Amino acid sequence: MATHETVKRAIGLMSGTSMDGIDLAMLDTDGDGLVRRGASSFTAYDANFRKRLEQALVTARAITERGERPGDLAALEAELTDRHAAAVEAFLAREGMTAGDIDVIGFHGQTVLHRPREALTVQLGCGARLARRLGIDVVYDLRANDMALGGQGAPLVPAYHRALAAGLAGEWADEKPVVFVNIGGISNITYIGPDGALLAFDSGPGNTLIDQWVARHAGIPYDSGGAIASEGRVLAELANRYLASPFFTAKERISLDRNDFTLPGDAEAGLEDGARTLAFVTAAAIAKAQAHLPEKPRLWILSGGGRHNRMIVEDLTVAMRHTGQVIVAEEAGFNGDSMEAEAWAWLAVRSLRGLPLTYPGTTGVREPATGGVLARASS
C-alpha cells in the first residue's frame, strides 16, 4: 500500500458509449507520474439492460438542464449505480480485499447526452449512492467543470495517456510522436509530441455504428473479431459519404455524441458489406486525424474494444504503412481493455489533489482545469 500521502489505491469504473458493461481497474498512483497498474475486471450488461440504456439515449434528448431525469431515467440511474456497486463488491471479493483497502473510486457513469456546443453533458450515476453503499469515497462528474470553463468535456483520458507514454520502454521508448487511439463507441486519439506536447480529440465513429448494424441485421451485440466484416467488401460510395462529413475537415475539433453519425439505410447494404464498410470508415476516420496533428506519428497504440476487430486494425495498418507503426496496447505492455477504467482511477486521485484533468489542447478549455465532485463515504 502507499508509503506517501499523495499515493492512493484507486478503482476506476467505466461504462462507455458501446454500453456493453462495466470496466473496472485498480491502480496505485499519485495521479501524476507514478502509475502501478493492478487487477481489472469486466461485468457485462444483460441484453435487457442494454436495451434500456439505448432507450435512455432517446429519453435524454428532452433534457435541457443537467439535473433533469425525465421518464424512467431516475430509476435507471439508481439501478446503474447499484450494478456498479455490485461489480466493485465482486471484484474485492475475488481479490481478497475489503472496502478499507481502497482510498477512492473514480466513477464515470453512463453518458446519455453530450452536446458540447450547449455546454451540456449528462452521465447517469449517483456518486453519493455509490459511496454510501460501498463505504468508499467516490469522485464523479469529472466532465462538467471543463465544460463550464469553455471545454467540450471530452476526451478526458489524454493526460493519463501521457503518463503511460512516459513509461514506454524497450523498442518503443524513443518512438515519438506517439498516438494513443481508443476505439470505443466513439474513437478518440491522444497525440504526445517529442517534448510532451499534448493534443487530443474525437476522430469519428468507433464501434457504435458496427454494433448497431449487426444488432439490427444479425441480432447480436457486436462483430466479434471482425468476423462478419471479413466476409464483406467495402462499398466505396457509402464509405465516401461518411468520410465527406464536414466533421473531418472542420478546423474546430468537437467531441461527438453517439448519435452524431447514423446507420446506413437497410437497403444500402447487406449484413457483411455494411459491417465491412463501417469498419473501413472507423479506420479511415482515425487516419484522417493526421491532418490535424503537428507531426506524423511514428507509433499508433490501439486500445478499446475496436482493436479486436481485425478489419479495423488491418485497414489502419495499411493507411499508416508509409508513416508509422500500428500496434495494439498489449504489445507496448498495456491493457487495452482496462485503459479507460485505469484512467478514471488516475483522474480521481488527480482530482483529489486539485491537479488539471484537461488542457486547451485536449478539450479546448480556456486554461488547464481540474474537476470532479467528491462524495464522502461517511456523508
# chains A, B, ... in the order shown; residues from 1 in each chain; ligands from 1
call {"tool": "closest_atom_pairs", "arguments": {"of": "segment 89-159 of chain A", "to": "segment 63-82 of chain A", "cutoff": "10 Å", "atoms": "only C-alpha atoms", "output": "tab-separated table"}}
result
residue	atom	partner	partner_atom	distance
A:Phe107	CA	A:Thr81	CA	9.4
A:Gly109	CA	A:Thr81	CA	7.7
A:Gln110	CA	A:Leu80	CA	8.1
A:Val112	CA	A:Leu73	CA	9.7
A:Leu113	CA	A:Ile63	CA	8.2
A:Glu118	CA	A:Thr64	CA	9.3
A:Ala119	CA	A:Arg66	CA	9.8
A:Leu120	CA	A:Arg66	CA	6.7
A:Thr121	CA	A:Arg66	CA	6.8
A:Val122	CA	A:Arg66	CA	5.8
A:Gln123	CA	A:Arg66	CA	8.7
A:Leu124	CA	A:Glu77	CA	5.2
A:Gly125	CA	A:Thr81	CA	5.2
A:Cys126	CA	A:Thr81	CA	6.1
A:Gly127	CA	A:Thr81	CA	7.9
A:Ala128	CA	A:Thr81	CA	9.7
A:Arg129	CA	A:Thr81	CA	7.2
A:Leu130	CA	A:Thr81	CA	6.2
A:Ala131	CA	A:Thr81	CA	10.0
A:Arg133	CA	A:Asp82	CA	8.3
A:Leu134	CA	A:Asp82	CA	9.8
A:Ala144	CA	A:Arg66	CA	9.4
call {"tool": "closest_atom_pairs", "arguments": {"of": "segment 70-187 of chain A", "to": "segment 299-307 of chain A", "cutoff": "12 Å", "atoms": "only C-alpha atoms", "output": "CSV"}}
result
residue,atom,partner,partner_atom,distance
A:Val157,CA,A:Ser303,CA,11.8
A:His161,CA,A:Ile301,CA,10.2
A:Leu164,CA,A:Ile301,CA,11.1
A:Ala165,CA,A:Ile301,CA,10.0
A:Leu168,CA,A:Ile301,CA,11.2
A:Glu171,CA,A:Leu299,CA,11.0
A:Trp172,CA,A:Leu299,CA,8.1
A:Ala173,CA,A:Leu299,CA,10.4
A:Asp174,CA,A:Leu299,CA,9.8
A:Glu175,CA,A:Leu299,CA,6.1
A:Lys176,CA,A:Leu299,CA,6.9
A:Pro177,CA,A:Leu299,CA,6.9
A:Val178,CA,A:Leu299,CA,4.8
A:Val179,CA,A:Trp300,CA,4.9
A:Phe180,CA,A:Ile301,CA,4.8
A:Val181,CA,A:Leu302,CA,4.8
A:Asn182,CA,A:Ser303,CA,4.8
A:Ile183,CA,A:Gly304,CA,4.8
A:Gly184,CA,A:Gly304,CA,5.2
A:Gly185,CA,A:Gly306,CA,8.4
A:Ile186,CA,A:Gly306,CA,9.8
A:Ser187,CA,A:Gly306,CA,8.7
call {"tool": "residues_around", "arguments": {"residues": "Met26 of chain A", "least_positions_apart": "5", "cutoff": "10 Å", "atoms": "only C-alpha atoms", "output": "ChimeraX atom specification"}}
result
/A:9-13,36-41,91,102,105,338,341-346
call {"tool": "write_last_selection", "arguments": {"atoms": "N, CA, C and O atoms", "output": "compact mmCIF listing (two decimals), in the first residue's frame"}}
result
# COMPACT_ATOMS: atom_id res chain seq x y z
N ARG A 9 -4.57 4.09 -3.44
CA ARG A 9 -5.07 2.91 -4.17
C ARG A 9 -6.47 3.25 -4.66
O ARG A 9 -7.37 3.52 -3.85
N ALA A 10 -6.64 3.27 -5.95
CA ALA A 10 -7.88 3.75 -6.55
C ALA A 10 -8.46 2.70 -7.48
O ALA A 10 -7.74 1.93 -8.12
N ILE A 11 -9.78 2.71 -7.58
CA ILE A 11 -10.51 1.90 -8.55
C ILE A 11 -11.19 2.84 -9.53
O ILE A 11 -11.79 3.84 -9.13
N GLY A 12 -11.08 2.53 -10.80
CA GLY A 12 -11.78 3.28 -11.84
C GLY A 12 -12.90 2.45 -12.42
O GLY A 12 -12.73 1.24 -12.66
N LEU A 13 -14.04 3.09 -12.65
CA LEU A 13 -15.22 2.42 -13.21
C LEU A 13 -15.64 3.14 -14.49
O LEU A 13 -15.91 4.34 -14.46
N ARG A 36 1.14 2.39 -10.88
CA ARG A 36 1.34 0.95 -10.69
C ARG A 36 0.02 0.27 -10.97
O ARG A 36 -0.91 0.31 -10.16
N ARG A 37 -0.09 -0.36 -12.13
CA ARG A 37 -1.34 -0.97 -12.56
C ARG A 37 -1.58 -2.26 -11.82
O ARG A 37 -0.69 -3.06 -11.61
N GLY A 38 -2.86 -2.45 -11.43
CA GLY A 38 -3.24 -3.65 -10.71
C GLY A 38 -4.24 -4.48 -11.48
O GLY A 38 -4.31 -4.44 -12.71
N ALA A 39 -5.04 -5.22 -10.74
CA ALA A 39 -6.01 -6.13 -11.36
C ALA A 39 -7.15 -5.35 -12.00
O ALA A 39 -7.38 -4.17 -11.72
N SER A 40 -7.89 -6.04 -12.86
CA SER A 40 -9.02 -5.43 -13.55
C SER A 40 -10.11 -6.47 -13.74
O SER A 40 -9.89 -7.67 -13.52
N SER A 41 -11.30 -6.01 -14.14
CA SER A 41 -12.41 -6.94 -14.39
C SER A 41 -13.39 -6.30 -15.37
O SER A 41 -13.34 -5.10 -15.62
N PHE A 91 -15.45 -7.71 -7.35
CA PHE A 91 -14.01 -7.58 -7.59
C PHE A 91 -13.23 -7.69 -6.28
O PHE A 91 -12.23 -8.42 -6.20
N ILE A 102 -9.26 0.33 -0.26
CA ILE A 102 -9.38 1.26 -1.39
C ILE A 102 -9.56 2.68 -0.86
O ILE A 102 -10.40 2.93 0.01
N ILE A 105 -12.70 5.85 -5.42
CA ILE A 105 -13.22 5.31 -6.68
C ILE A 105 -13.47 6.46 -7.64
O ILE A 105 -14.04 7.49 -7.28
N SER A 338 -8.71 -2.31 -20.24
CA SER A 338 -8.93 -1.61 -18.98
C SER A 338 -8.36 -0.20 -18.96
O SER A 338 -8.46 0.50 -17.94
N ALA A 341 -10.73 2.60 -17.80
CA ALA A 341 -11.04 2.46 -16.38
C ALA A 341 -9.84 2.85 -15.52
O ALA A 341 -9.99 3.51 -14.48
N GLU A 342 -8.64 2.46 -15.96
CA GLU A 342 -7.42 2.89 -15.26
C GLU A 342 -7.36 4.42 -15.22
O GLU A 342 -7.01 5.02 -14.19
N ALA A 343 -7.69 5.04 -16.35
CA ALA A 343 -7.63 6.50 -16.42
C ALA A 343 -8.58 7.13 -15.41
O ALA A 343 -8.24 8.14 -14.79
N TRP A 344 -9.74 6.52 -15.21
CA TRP A 344 -10.69 7.10 -14.27
C TRP A 344 -10.20 6.97 -12.83
O TRP A 344 -10.44 7.85 -12.00
N ALA A 345 -9.49 5.91 -12.53
CA ALA A 345 -8.86 5.79 -11.22
C ALA A 345 -7.80 6.87 -11.05
O ALA A 345 -7.73 7.55 -10.02
N TRP A 346 -6.96 7.05 -12.05
CA TRP A 346 -5.88 8.05 -12.03
C TRP A 346 -6.46 9.46 -11.93
O TRP A 346 -5.98 10.29 -11.15
call {"tool": "residues_around", "arguments": {"residues": "Gly31 of chain A", "least_positions_apart": "4", "cutoff": "8 Å", "atoms": "only C-alpha atoms", "output": "PDB file with C-alpha atoms, in the first residue's frame"}}
result
ATOM      1  CA  VAL A   7      -0.234   7.918  -3.416  1.00  0.00           C
ATOM      2  CA  VAL A  35       1.333   4.501 -12.051  1.00  0.00           C
ATOM      3  CA  TRP A 346      -5.884   8.050 -12.030  1.00  0.00           C
ATOM      4  CA  LEU A 347      -8.141  11.052 -12.672  1.00  0.00           C
ATOM      5  CA  ALA A 348      -9.923  10.545  -9.343  1.00  0.00           C
ATOM      6  CA  VAL A 349      -6.629  10.818  -7.464  1.00  0.00           C
ATOM      7  CA  ARG A 350      -5.639  13.766  -9.620  1.00  0.00           C
ATOM      8  CA  ARG A 353      -5.043  16.764  -5.457  1.00  0.00           C
TER       9      ARG A 353
END
call {"tool": "closest_residue", "arguments": {"among": "A:Asn335, A:Thr362, A:Asn145, A:Ser18", "to": "Arg162 of chain A", "atoms": "only C-alpha atoms"}}
result
A:Thr362
call {"tool": "closest_residue", "arguments": {"among": "A:Ala289, A:Leu198, A:Met311, A:Leu209", "to": "Arg258 of chain A", "atoms": "only C-alpha atoms"}}
result
A:Leu209
call {"tool": "atom_distance", "arguments": {"atom1": "atom CA of Asp32 of chain A", "atom2": "atom CA of Val326 of chain A"}}
result
26.6 Å
call {"tool": "select_by_dssp", "arguments": {"residues": "segment 92-316 of chain A", "states": "helix (DSSP H, G or I)", "output": "ChimeraX atom specification"}}
result
/A:92-95,99-101,116-118,127-134,144-148,158-165,170-172,208-218,224-226,229-231,236-243,246-248,271-292,305-308,310-316
call {"tool": "residues_around", "arguments": {"residues": "Leu149 of chain A", "least_positions_apart": "5", "cutoff": "10 Å", "atoms": "only C-alpha atoms", "output": "PDB file with N, CA, C and O atoms, in the first residue's frame"}}
result
ATOM      1  N   ALA A 119     -22.763  23.226 -23.956  1.00  0.00           N
ATOM      2  CA  ALA A 119     -22.143  23.002 -22.643  1.00  0.00           C
ATOM      3  C   ALA A 119     -23.015  22.101 -21.774  1.00  0.00           C
ATOM      4  O   ALA A 119     -23.191  22.328 -20.574  1.00  0.00           O
ATOM      5  N   ALA A 144     -17.992  18.061 -16.046  1.00  0.00           N
ATOM      6  CA  ALA A 144     -18.802  19.283 -16.001  1.00  0.00           C
ATOM      7  C   ALA A 144     -17.976  20.555 -15.860  1.00  0.00           C
ATOM      8  O   ALA A 144     -18.256  21.562 -16.525  1.00  0.00           O
ATOM      9  N   GLY A 364     -10.187  21.964 -25.455  1.00  0.00           N
ATOM     10  CA  GLY A 364     -10.472  23.344 -25.824  1.00  0.00           C
ATOM     11  C   GLY A 364     -10.793  24.231 -24.638  1.00  0.00           C
ATOM     12  O   GLY A 364     -11.189  25.388 -24.816  1.00  0.00           O
ATOM     13  N   VAL A 365     -10.627  23.713 -23.433  1.00  0.00           N
ATOM     14  CA  VAL A 365     -10.877  24.511 -22.231  1.00  0.00           C
ATOM     15  C   VAL A 365      -9.941  25.734 -22.231  1.00  0.00           C
ATOM     16  O   VAL A 365      -8.842  25.689 -22.784  1.00  0.00           O
ATOM     17  N   ARG A 366     -10.382  26.826 -21.621  1.00  0.00           N
ATOM     18  CA  ARG A 366      -9.626  28.076 -21.692  1.00  0.00           C
ATOM     19  C   ARG A 366      -8.250  27.975 -21.049  1.00  0.00           C
ATOM     20  O   ARG A 366      -7.294  28.611 -21.493  1.00  0.00           O
ATOM     21  N   GLU A 367      -8.130  27.205 -19.999  1.00  0.00           N
ATOM     22  CA  GLU A 367      -6.873  27.024 -19.283  1.00  0.00           C
ATOM     23  C   GLU A 367      -6.914  25.659 -18.625  1.00  0.00           C
ATOM     24  O   GLU A 367      -7.984  25.059 -18.486  1.00  0.00           O
ATOM     25  N   PRO A 368      -5.752  25.098 -18.241  1.00  0.00           N
ATOM     26  CA  PRO A 368      -5.775  23.790 -17.582  1.00  0.00           C
ATOM     27  C   PRO A 368      -6.763  23.775 -16.425  1.00  0.00           C
ATOM     28  O   PRO A 368      -6.786  24.689 -15.594  1.00  0.00           O
ATOM     29  N   ALA A 369      -7.607  22.742 -16.391  1.00  0.00           N
ATOM     30  CA  ALA A 369      -8.716  22.730 -15.433  1.00  0.00           C
ATOM     31  C   ALA A 369      -8.796  21.403 -14.686  1.00  0.00           C
ATOM     32  O   ALA A 369      -8.675  20.333 -15.287  1.00  0.00           O
TER      33      ALA A 369
END
call {"tool": "residues_around", "arguments": {"residues": "Phe49 of chain A", "least_positions_apart": "2", "cutoff": "12 Å", "atoms": "only C-alpha atoms", "output": "count of residues only"}}
result
18
call {"tool": "select_by_dssp", "arguments": {"residues": "segment 34-171 of chain A", "states": "strand (DSSP E)", "output": "MDAnalysis selection string"}}
result
chainID A and resid 35:44 104:115 120:124 138:140
call {"tool": "closest_residue", "arguments": {"among": "A:Gly206, A:Gly361, A:Pro294, A:Gly170", "to": "Gly16 of chain A", "atoms": "only C-alpha atoms"}}
result
A:Gly206
call {"tool": "atom_distance", "arguments": {"atom1": "atom CA of Leu156 of chain A", "atom2": "atom CA of Ala377 of chain A"}}
result
24.7 Å
call {"tool": "closest_residue", "arguments": {"among": "A:Asn188, A:Ala269, A:Gly151, A:Ala284", "to": "Asn240 of chain A", "atoms": "only C-alpha atoms"}}
result
A:Ala284
